[in-house]
Every structure is written in structure tokens, then in C-alpha cells.
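Chemist: Sharing protein15.tsv below, TSV, C-alpha atoms:
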```tsv
chain	number	residue	atom	x	y	z
A	1	MET	CA	86.15	100.81	34.95
A	2	ALA	CA	87.61	102.89	37.74
A	3	VAL	CA	90.60	104.06	35.74
A	4	ASP	CA	90.72	107.68	34.61
A	5	HIS	CA	91.55	108.06	30.93
A	6	LEU	CA	94.11	110.84	30.43
A	7	GLU	CA	94.77	111.94	26.89
A	8	ASP	CA	98.50	112.20	27.45
A	9	ALA	CA	98.84	108.83	29.22
A	10	ASP	CA	100.86	106.04	27.70
A	11	PRO	CA	98.49	103.63	25.87
A	12	TYR	CA	99.99	100.55	27.46
A	13	ASP	CA	99.81	102.10	30.94
A	14	LEU	CA	96.10	102.74	30.41
A	15	PHE	CA	95.63	99.18	29.18
A	16	TYR	CA	97.55	97.73	32.13
A	17	ALA	CA	95.53	99.82	34.61
A	18	GLU	CA	92.27	98.66	33.06
A	19	VAL	CA	93.37	95.02	33.26
A	20	ALA	CA	94.34	95.41	36.93
A	21	ALA	CA	91.02	97.08	37.72
A	22	ARG	CA	89.07	94.32	35.96
A	23	GLN	CA	91.00	91.59	37.78
A	24	LEU	CA	90.36	93.25	41.14
A	25	THR	CA	86.67	93.73	40.36
A	26	ASP	CA	86.34	90.04	39.45
A	27	TRP	CA	88.12	89.04	42.67
A	28	LEU	CA	86.13	91.18	45.12
A	29	PRO	CA	83.20	89.47	46.89
A	30	ALA	CA	79.63	90.61	46.26
A	31	GLU	CA	78.95	91.21	49.95
A	32	ARG	CA	80.30	94.21	51.86
A	33	THR	CA	83.79	93.47	53.14
A	34	THR	CA	86.48	95.14	55.24
A	35	VAL	CA	89.65	95.31	53.14
A	36	LEU	CA	93.15	96.24	54.27
A	37	ASP	CA	94.75	98.00	51.28
A	38	LEU	CA	98.55	97.89	51.28
A	39	SER	CA	98.93	98.97	47.66
A	40	GLY	CA	100.08	102.55	48.30
A	41	GLY	CA	100.33	104.75	45.23
A	42	CYS	CA	97.60	107.09	44.07
A	43	GLY	CA	94.70	105.20	45.60
A	44	THR	CA	93.00	104.02	42.41
A	45	PHE	CA	92.40	100.55	43.85
A	46	THR	CA	91.07	102.06	47.08
A	47	ARG	CA	88.56	104.16	45.18
A	48	LEU	CA	87.43	101.17	43.13
A	49	MET	CA	86.73	99.16	46.30
A	50	ILE	CA	84.89	102.04	47.95
A	51	ASP	CA	82.79	102.54	44.82
A	52	ALA	CA	81.92	98.82	44.98
A	53	GLY	CA	80.60	99.26	48.54
A	54	HIS	CA	83.50	97.86	50.57
A	55	ASP	CA	85.00	99.38	53.72
A	56	VAL	CA	88.70	100.04	53.22
A	57	VAL	CA	91.57	100.59	55.65
A	58	ARG	CA	94.28	102.13	53.51
A	59	ALA	CA	97.83	102.05	54.83
A	60	VAL	CA	100.22	104.66	53.45
A	61	ALA	CA	103.76	105.56	54.40
A	62	ASP	CA	103.11	109.26	53.80
A	63	ARG	CA	100.11	111.05	55.33
A	64	ARG	CA	100.05	113.38	52.33
A	65	LEU	CA	99.02	110.53	50.00
A	66	GLY	CA	95.30	111.10	49.78
A	67	VAL	CA	92.67	109.32	47.72
A	68	ASP	CA	89.79	110.65	45.66
A	69	THR	CA	86.72	109.11	47.30
A	70	ARG	CA	84.16	110.56	44.93
A	71	VAL	CA	81.72	107.85	43.89
A	72	ARG	CA	80.06	107.19	40.55
A	73	GLN	CA	76.39	108.02	40.49
A	74	ASP	CA	75.42	104.42	39.73
A	75	ALA	CA	77.69	102.83	42.34
A	76	GLY	CA	74.97	102.39	44.97
A	77	THR	CA	75.95	102.64	48.61
A	78	ALA	CA	79.61	103.50	48.90
A	79	GLY	CA	81.95	101.96	51.40
A	80	HIS	CA	83.88	103.83	54.06
A	81	LEU	CA	87.55	104.77	54.05
A	82	ARG	CA	89.92	104.89	56.98
A	83	GLN	CA	93.41	106.01	56.05
A	84	VAL	CA	96.34	105.37	58.38
A	85	ALA	CA	100.03	106.28	58.18
A	86	ALA	CA	101.74	102.96	58.78
A	87	ASP	CA	104.40	100.57	57.58
A	88	THR	CA	103.04	98.35	54.80
A	89	ARG	CA	105.83	95.79	55.23
A	90	ASP	CA	105.77	95.31	59.01
A	91	LEU	CA	102.10	94.73	59.83
A	92	ARG	CA	102.35	94.06	63.53
A	93	TRP	CA	100.18	97.15	64.04
A	94	VAL	CA	97.21	95.24	62.56
A	95	ALA	CA	95.14	93.30	65.09
A	96	ARG	CA	94.99	89.54	64.68
A	97	ASN	CA	91.92	88.21	62.80
A	98	SER	CA	90.69	91.75	62.15
A	99	VAL	CA	90.11	92.08	58.38
A	100	ASP	CA	88.12	90.14	55.80
A	101	ALA	CA	90.50	90.72	52.91
A	102	ILE	CA	93.93	92.14	52.11
A	103	LEU	CA	94.96	93.77	48.86
A	104	ALA	CA	98.69	94.13	48.13
A	105	GLU	CA	98.60	95.49	44.60
A	106	SER	CA	101.19	97.63	42.79
A	107	ARG	CA	103.90	95.03	43.55
A	108	ALA	CA	103.80	95.91	47.25
A	109	LEU	CA	105.21	92.56	48.38
A	110	SER	CA	108.15	92.81	45.98
A	111	PHE	CA	109.26	95.96	47.82
A	112	SER	CA	109.25	93.97	51.07
A	113	LEU	CA	112.60	92.20	50.89
A	114	ALA	CA	111.70	90.19	54.02
A	115	ALA	CA	108.54	88.96	52.31
A	116	GLU	CA	108.26	85.95	54.62
A	117	ASP	CA	107.65	88.24	57.61
A	118	THR	CA	105.15	90.39	55.72
A	119	VAL	CA	103.12	87.41	54.54
A	120	ALA	CA	103.11	85.98	58.08
A	121	ASP	CA	101.67	89.30	59.29
A	122	MET	CA	99.07	89.22	56.52
A	123	ALA	CA	97.98	85.73	57.51
A	124	ASN	CA	97.66	86.80	61.15
A	125	ALA	CA	95.59	89.85	60.22
A	126	LEU	CA	93.08	87.89	58.12
A	127	ARG	CA	89.99	86.44	59.74
A	128	PRO	CA	89.37	82.72	59.09
A	129	GLY	CA	87.94	82.53	55.60
A	130	GLY	CA	89.57	85.85	54.68
A	131	ARG	CA	91.24	86.29	51.31
A	132	LEU	CA	94.42	87.87	50.00
A	133	LEU	CA	95.17	89.28	46.55
A	134	LEU	CA	98.71	90.35	45.73
A	135	CYS	CA	100.81	91.34	42.73
A	136	VAL	CA	104.58	90.81	42.58
A	137	ASP	CA	107.45	91.15	40.14
A	138	SER	CA	108.05	87.93	38.22
A	139	LEU	CA	111.46	86.39	37.80
A	140	VAL	CA	111.02	86.96	34.06
A	141	LEU	CA	111.13	90.70	34.79
A	142	GLY	CA	114.04	90.29	37.18
A	143	LEU	CA	116.13	88.40	34.63
A	144	ALA	CA	115.39	91.00	31.98
A	145	ARG	CA	116.46	93.81	34.31
A	146	LEU	CA	119.69	92.05	35.19
A	147	ALA	CA	120.45	91.54	31.51
A	148	GLU	CA	119.74	95.18	30.71
A	149	GLN	CA	122.20	96.22	33.41
A	150	GLY	CA	124.88	93.79	32.27
A	151	ARG	CA	124.91	91.98	35.62
A	152	TRP	CA	125.98	88.70	34.07
A	153	ALA	CA	127.16	86.98	37.27
A	154	GLU	CA	123.86	87.69	39.05
A	155	LEU	CA	121.93	86.66	35.94
A	156	ALA	CA	123.70	83.30	35.81
A	157	ASP	CA	123.06	82.65	39.51
A	158	ALA	CA	119.41	83.79	39.56
A	159	PRO	CA	117.70	80.52	38.46
A	160	SER	CA	119.25	78.59	41.37
A	161	ALA	CA	119.06	81.34	44.00
A	162	ASP	CA	116.70	81.01	46.97
A	163	VAL	CA	115.85	84.72	46.79
A	164	VAL	CA	116.29	87.00	43.78
A	165	LEU	CA	116.75	90.70	44.56
A	166	VAL	CA	117.05	93.03	41.59
A	167	PRO	CA	118.45	96.58	41.86
A	168	TYR	CA	117.07	99.41	39.74
A	169	LEU	CA	118.94	102.42	38.44
A	170	ASP	CA	117.06	104.69	40.88
A	171	GLY	CA	118.48	102.75	43.83
A	172	THR	CA	115.38	100.73	44.68
A	173	ILE	CA	115.52	96.96	45.03
A	174	THR	CA	112.67	94.56	44.38
A	175	ARG	CA	112.21	90.88	45.06
A	176	CYS	CA	111.17	88.71	42.12
A	177	PHE	CA	109.30	85.39	42.29
A	178	TRP	CA	108.70	82.19	40.37
A	179	PRO	CA	105.10	80.91	40.69
A	180	ALA	CA	106.27	77.88	42.71
A	181	GLU	CA	108.27	80.10	45.07
A	182	LEU	CA	105.30	82.41	45.62
A	183	ARG	CA	103.00	79.44	46.25
A	184	ALA	CA	105.40	78.00	48.83
A	185	LEU	CA	105.65	81.37	50.58
A	186	LEU	CA	101.88	81.59	50.96
A	187	GLU	CA	101.38	77.96	51.94
A	188	ASP	CA	104.18	78.05	54.50
A	189	ASN	CA	102.16	80.71	56.32
A	190	GLY	CA	99.00	78.62	56.45
A	191	LEU	CA	97.24	80.13	53.45
A	192	LYS	CA	95.49	78.04	50.81
A	193	VAL	CA	96.42	79.23	47.32
A	194	GLU	CA	93.41	79.61	45.04
A	195	TRP	CA	95.47	80.48	41.97
A	196	ILE	CA	98.66	82.13	40.73
A	197	ARG	CA	98.59	83.58	37.25
A	198	PRO	CA	100.32	86.20	35.11
A	199	ARG	CA	99.00	89.73	35.36
A	200	SER	CA	99.43	90.04	31.60
A	201	VAL	CA	100.16	87.81	28.62
A	202	LEU	CA	99.88	90.12	25.62
A	203	SER	CA	103.12	91.90	24.78
A	204	LYS	CA	103.41	95.64	25.13
A	205	GLU	CA	104.24	95.93	21.44
A	206	ALA	CA	101.08	94.05	20.41
A	207	VAL	CA	98.87	96.18	22.66
A	208	VAL	CA	100.37	99.50	21.55
A	209	ARG	CA	100.11	98.50	17.89
A	210	ALA	CA	96.48	97.44	18.25
A	211	LEU	CA	95.48	100.63	20.09
A	212	ALA	CA	97.32	102.81	17.58
A	213	SER	CA	95.27	101.33	14.74
A	214	ASP	CA	91.98	101.30	16.69
A	215	PRO	CA	91.71	103.06	20.10
A	216	SER	CA	88.19	101.69	20.54
A	217	ALA	CA	89.67	98.18	20.80
A	218	LEU	CA	90.70	98.77	24.43
A	219	PRO	CA	87.70	96.97	26.06
A	220	THR	CA	88.18	93.95	23.80
A	221	LEU	CA	91.91	93.83	24.53
A	222	VAL	CA	91.23	94.00	28.27
A	223	ARG	CA	88.70	91.14	28.13
A	224	THR	CA	91.11	89.09	26.06
A	225	GLU	CA	94.00	89.74	28.42
A	226	VAL	CA	92.03	88.78	31.53
A	227	ALA	CA	90.90	85.54	29.89
A	228	LEU	CA	94.40	84.69	28.67
A	229	ALA	CA	95.92	85.31	32.10
A	230	ALA	CA	93.37	82.97	33.71
A	231	ASP	CA	94.14	80.28	31.12
A	232	ARG	CA	97.89	80.52	31.83
A	233	GLU	CA	97.52	79.78	35.55
A	234	GLY	CA	100.73	78.65	37.19
A	235	GLU	CA	102.93	79.89	34.36
A	236	SER	CA	105.65	82.52	34.71
A	237	VAL	CA	104.63	84.70	31.79
A	238	GLY	CA	104.89	88.46	31.69
A	239	ILE	CA	106.47	90.92	34.07
A	240	HIS	CA	104.16	90.50	37.08
A	241	LEU	CA	102.38	87.64	38.85
A	242	LEU	CA	98.99	87.82	40.54
A	243	ALA	CA	98.06	85.48	43.39
A	244	SER	CA	94.87	84.82	45.32
A	245	ALA	CA	94.88	82.90	48.62
A	246	VAL	CA	92.46	82.22	51.46
A	247	LYS	CA	92.95	81.65	55.18
A	248	PRO	CA	91.24	78.36	56.09
A	249	GLY	CA	88.24	78.73	58.37
```
Could you write out this structure as C-alpha cells?

Modeler:
Amino acid sequence: MAVDHLEDADPYDLFYAEVAARQLTDWLPAERTTVLDLSGGCGTFTRLMIDAGHDVVRAVADRRLGVDTRVRQDAGTAGHLRQVAADTRDLRWVARNSVDAILAESRALSFSLAAEDTVADMANALRPGGRLLLCVDSLVLGLARLAEQGRWAELADAPSADVVLVPYLDGTITRCFWPAELRALLEDNGLKVEWIRPRSVLSKEAVVRALASDPSALPTLVRTEVALAADREGESVGIHLLASAVKPG
């Protein structure tokens, strides 16, 4: 896996990162591909794709956000990285039909409150036959956050709302999705949905308990989680949803 294991890291965070890395690895094509990475963050996904031999255009809002491009010795021919300082929500700077794939991990689309415009830009940027992988906040997470904050009026209205925006204590706002809503958003922009599934099914408590009793169980837990998520396709389970779509040729 491409995830660095830090001794002081939270066990569930390590588990979640390993699951995300495995799901991305399974999704990536075997052939060399040009990927537009809109995931931001520390660049772990970027490094994984480069290690796998793909060429990556990484968009970041801050030029100071670098990425470790060191490659594992057994990774074969590494891909190339081009990093640009650009808006990851307004993609009009990306040429039409210019990339083979787009990755919007780390809930990138949930931070784009005008998600319809962002997805339209993604569809325009993809070449015919190009694919998109994205991770978003689920409505399950949104409802839990509203309950934690005692926002009872918003909680009652959420199931019937066209768009659910959830504020966090740090002032950020994210958009949460039902599977059907996410599917409609992708299809309305001409993309064919391959699948929508939960990022995770196992509870945090179950994972932490299992790792506390046997840290070596991590690989088995990851394999189990990936299989469970695939089996629960179309269900709104867990805090995040993962979707794969393709632009018809």
C-alpha cells in the first residue's frame, strides 16, 4: 500500500487510508493514463498514481502544498507529475477533452457547494471513454452532524431537501448526498455511472477493537471492508460515498 504507517497515527485513520488506497488501486487502469487529481491534501493519492506509472496533473489551491514523488523500488517506470495552482471547484481552466481520468478524492466535491457546475466541468475535461472517481460526504454523515449540533429544524427538513449543506464547528460547510442524488448529478451531465457504493461499512468501533487486540489484522480488515463496500452498492451506508462514472465514447 502507498500509505505511510506512523506509530502515533489513529488506528482507524490508518485503516481508512489503506481502504481508500486499495479502492483507488483497484479502480486505476493497467495502461498508462493521464489523471487530473483534484483531491488536494497531502498528495498521498498523487504519489500512489505516480508509483503505478500514471501521469498526474495535480491541482492545488496553495502552491506550497507539495507531494513526495519518491517511488518504491519495485514500482517499475514511474509516471510524471505536473502540479498547478488552480481552483479545484471551477475547472474552466482545464481544456475540453484533455484528460483520461479525474480523481476527486478526500471529499473534494462535497466542498464544492455548486457541485452541478463542478461536475459539468469534469465531464467537459474528460476525453470520450474517460473515467471519474469521486468521494463525497453521505447524507448519513450530514444527519449525524446536524444531530450533534442540535440543529433540529434542519435535521427534520434534510430528508426532503433538494440540497443538504451541513456546517461544521470550524466554519466550513460541506454538501452531503444520497446515492440516488449523486447518480442523478452525474447522469445529468452526460456521464454513465458504473457504480456508487459506501467507502466503508465496518464501524469505527469494530475496527479499533479488532486492531487493539491484533494489529496484524489490518490487511484482513482492509480486504473485508473493500469486499463489503462492493456488495453494498447503491446503499447509503457509512459516512462517505464512492462513485465511478465514465464519459461515453

Chemist: Can you list, as a VMD selection string, every protein, DNA or RNA residue that comes within 12 Å of segment 154-158 of chain A when you count all atoms listed in the file, leaving out same-chain residues fewer than 3 positions away?

Modeler: chain A and resid 139 to 151 161 to 167 175 to 178

Chemist: I'd like to know which of A:Ala104, A:Ala78, A:Val94, A:Ala20 is closest to Asp37 of chain A, using only C-alpha atoms.

Modeler: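 The answer is A:Ala104, which sits nearest to Asp37 of chain A.
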
Chemist: Around (96.4, 96.4, 23.9) in the file's own coordinates, what residues are found within 8 Å if you use all atoms listed in the file, given back as a PDB file with C-alpha atoms, in the coordinates of the input?

Modeler:
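Produced file point_22.pdb, reproduced below:
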```pdb
ATOM      1  CA  PRO A  11      98.490 103.630  25.870  1.00  0.00           C
ATOM      2  CA  TYR A  12      99.990 100.550  27.460  1.00  0.00           C
ATOM      3  CA  PHE A  15      95.630  99.180  29.180  1.00  0.00           C
ATOM      4  CA  LEU A 202      99.880  90.120  25.620  1.00  0.00           C
ATOM      5  CA  LYS A 204     103.410  95.640  25.130  1.00  0.00           C
ATOM      6  CA  ALA A 206     101.080  94.050  20.410  1.00  0.00           C
ATOM      7  CA  VAL A 207      98.870  96.180  22.660  1.00  0.00           C
ATOM      8  CA  VAL A 208     100.370  99.500  21.550  1.00  0.00           C
ATOM      9  CA  ARG A 209     100.110  98.500  17.890  1.00  0.00           C
ATOM     10  CA  ALA A 210      96.480  97.440  18.250  1.00  0.00           C
ATOM     11  CA  LEU A 211      95.480 100.630  20.090  1.00  0.00           C
ATOM     12  CA  ALA A 217      89.670  98.180  20.800  1.00  0.00           C
ATOM     13  CA  LEU A 218      90.700  98.770  24.430  1.00  0.00           C
ATOM     14  CA  LEU A 221      91.910  93.830  24.530  1.00  0.00           C
ATOM     15  CA  VAL A 222      91.230  94.000  28.270  1.00  0.00           C
TER      16      VAL A 222
END
```

Chemist: Which one of A:Pro198, A:Gly249, A:Gly79, A:Gly234 sits closest to Gly129 of chain A if you count all atoms listed in the file?

Modeler: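 Going through A:Pro198, A:Gly249, A:Gly79, A:Gly234 one by one, the smallest distance to Gly129 of chain A is for A:Gly249.
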
Chemist: In Å, rounded to a single decimal, give me how far atom CA of Ser106 of chain A is from atom CA of Leu185 of chain A.

Modeler: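 Atom CA of Leu185 of chain A sits 18.6 Å away from atom CA of Ser106 of chain A.
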
Chemist: With all atoms listed in the file as the atoms that count, which of A:Arg107, A:Arg96, A:Arg47, A:Arg22 lies nearest to Arg82 of chain A?

Modeler: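 Checking each candidate against Arg82 of chain A, we get A:Arg47 as the closest.
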
Chemist: Taking only C-alpha atoms into account, name the residue in A:Val119, A:Val226, A:Ala59, A:Cys42 that is nearest to Asp26 of chain A.

Modeler: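 Nearest candidate to Asp26 of chain A out of A:Val119, A:Val226, A:Ala59, A:Cys42: A:Val226.
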
Chemist: Go ahead and compute the interatomic distance for atom CA of Thr174 of chain A and atom CA of Val136 of chain A, in Å to one decimal.

Modeler: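 Between atom CA of Thr174 of chain A and atom CA of Val136 of chain A the gap is 9.1 Å.
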
Chemist: As an exercise, work out the distance from atom CA of Arg223 of chain A to atom CA of Glu105 of chain A in Å and give it to one decimal place.

Modeler: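 We find that atom CA of Arg223 of chain A and atom CA of Glu105 of chain A lie 19.7 Å from each other.
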
Chemist: Go through A:Ser138, A:Ser213, A:Ser200, A:Gln23 one by one, measure the shortest atom-to-atom distance of each to Glu225 of chain A using all atoms listed in the file, and give the residue with the smallest value.

Modeler: A:Ser200

Chemist: Tell me which residues come within 6 Å of (97.3, 88.4, 42.0), as a ChimeraX atom specification, counting all atoms listed in the file in the file's coordinates.

Modeler: /A:133-135,242-244

Chemist: Near Arg232 of chain A, counting only C-alpha atoms, which residues have an atom at most 10 Å away, once you skip same-chain residues fewer than 5 positions from it, shown as an mmCIF file with C-alpha atoms, in the coordinates of the input?

Modeler:
```cif
data_model
loop_
_atom_site.group_PDB
_atom_site.id
_atom_site.type_symbol
_atom_site.label_atom_id
_atom_site.label_comp_id
_atom_site.auth_asym_id
_atom_site.auth_seq_id
_atom_site.Cartn_x
_atom_site.Cartn_y
_atom_site.Cartn_z
ATOM 1 C CA ILE A 196 98.660 82.130 40.730
ATOM 2 C CA ARG A 197 98.590 83.580 37.250
ATOM 3 C CA PRO A 198 100.320 86.200 35.110
ATOM 4 C CA ARG A 199 99.000 89.730 35.360
ATOM 5 C CA SER A 200 99.430 90.040 31.600
ATOM 6 C CA VAL A 201 100.160 87.810 28.620
ATOM 7 C CA ALA A 227 90.900 85.540 29.890
ATOM 8 C CA VAL A 237 104.630 84.700 31.790
#
```

Chemist: If you count all atoms listed in the file, which residues fall within 7 Å of Val193 of chain A, apart from same-chain ones fewer than 6 positions away, as a PyMOL selection string?

Modeler: chain A and resi 183+186-187+244-246

Chemist: Counting only C-alpha atoms, which residue out of A:Lys247, A:Thr220, A:Glu205, A:Ala115 sits closest to Glu181 of chain A?

Modeler: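 Distance minimum relative to Glu181 of chain A lands on A:Ala115.
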
Chemist: Can you pull out the residues contacting Ala101 of chain A? Cut-off 7 Å, using all atoms listed in the file, and skip same-chain residues under 5 positions away; I want them as number ranges by chain.

Modeler: A: 34-36, 126, 130-132

Chemist: I'd like the box whose edges run along x, y and z of the file and which contains every listed atom of segment 48-62 of chain A, padded by 8 Å per side; could you state its centre and edge lengths in Å, one decimal, as JSON?

Modeler:
```
{"center_x": 92.2, "center_y": 103.6, "center_z": 49.4, "size_x": 39.2, "size_y": 27.4, "size_z": 28.5}
```
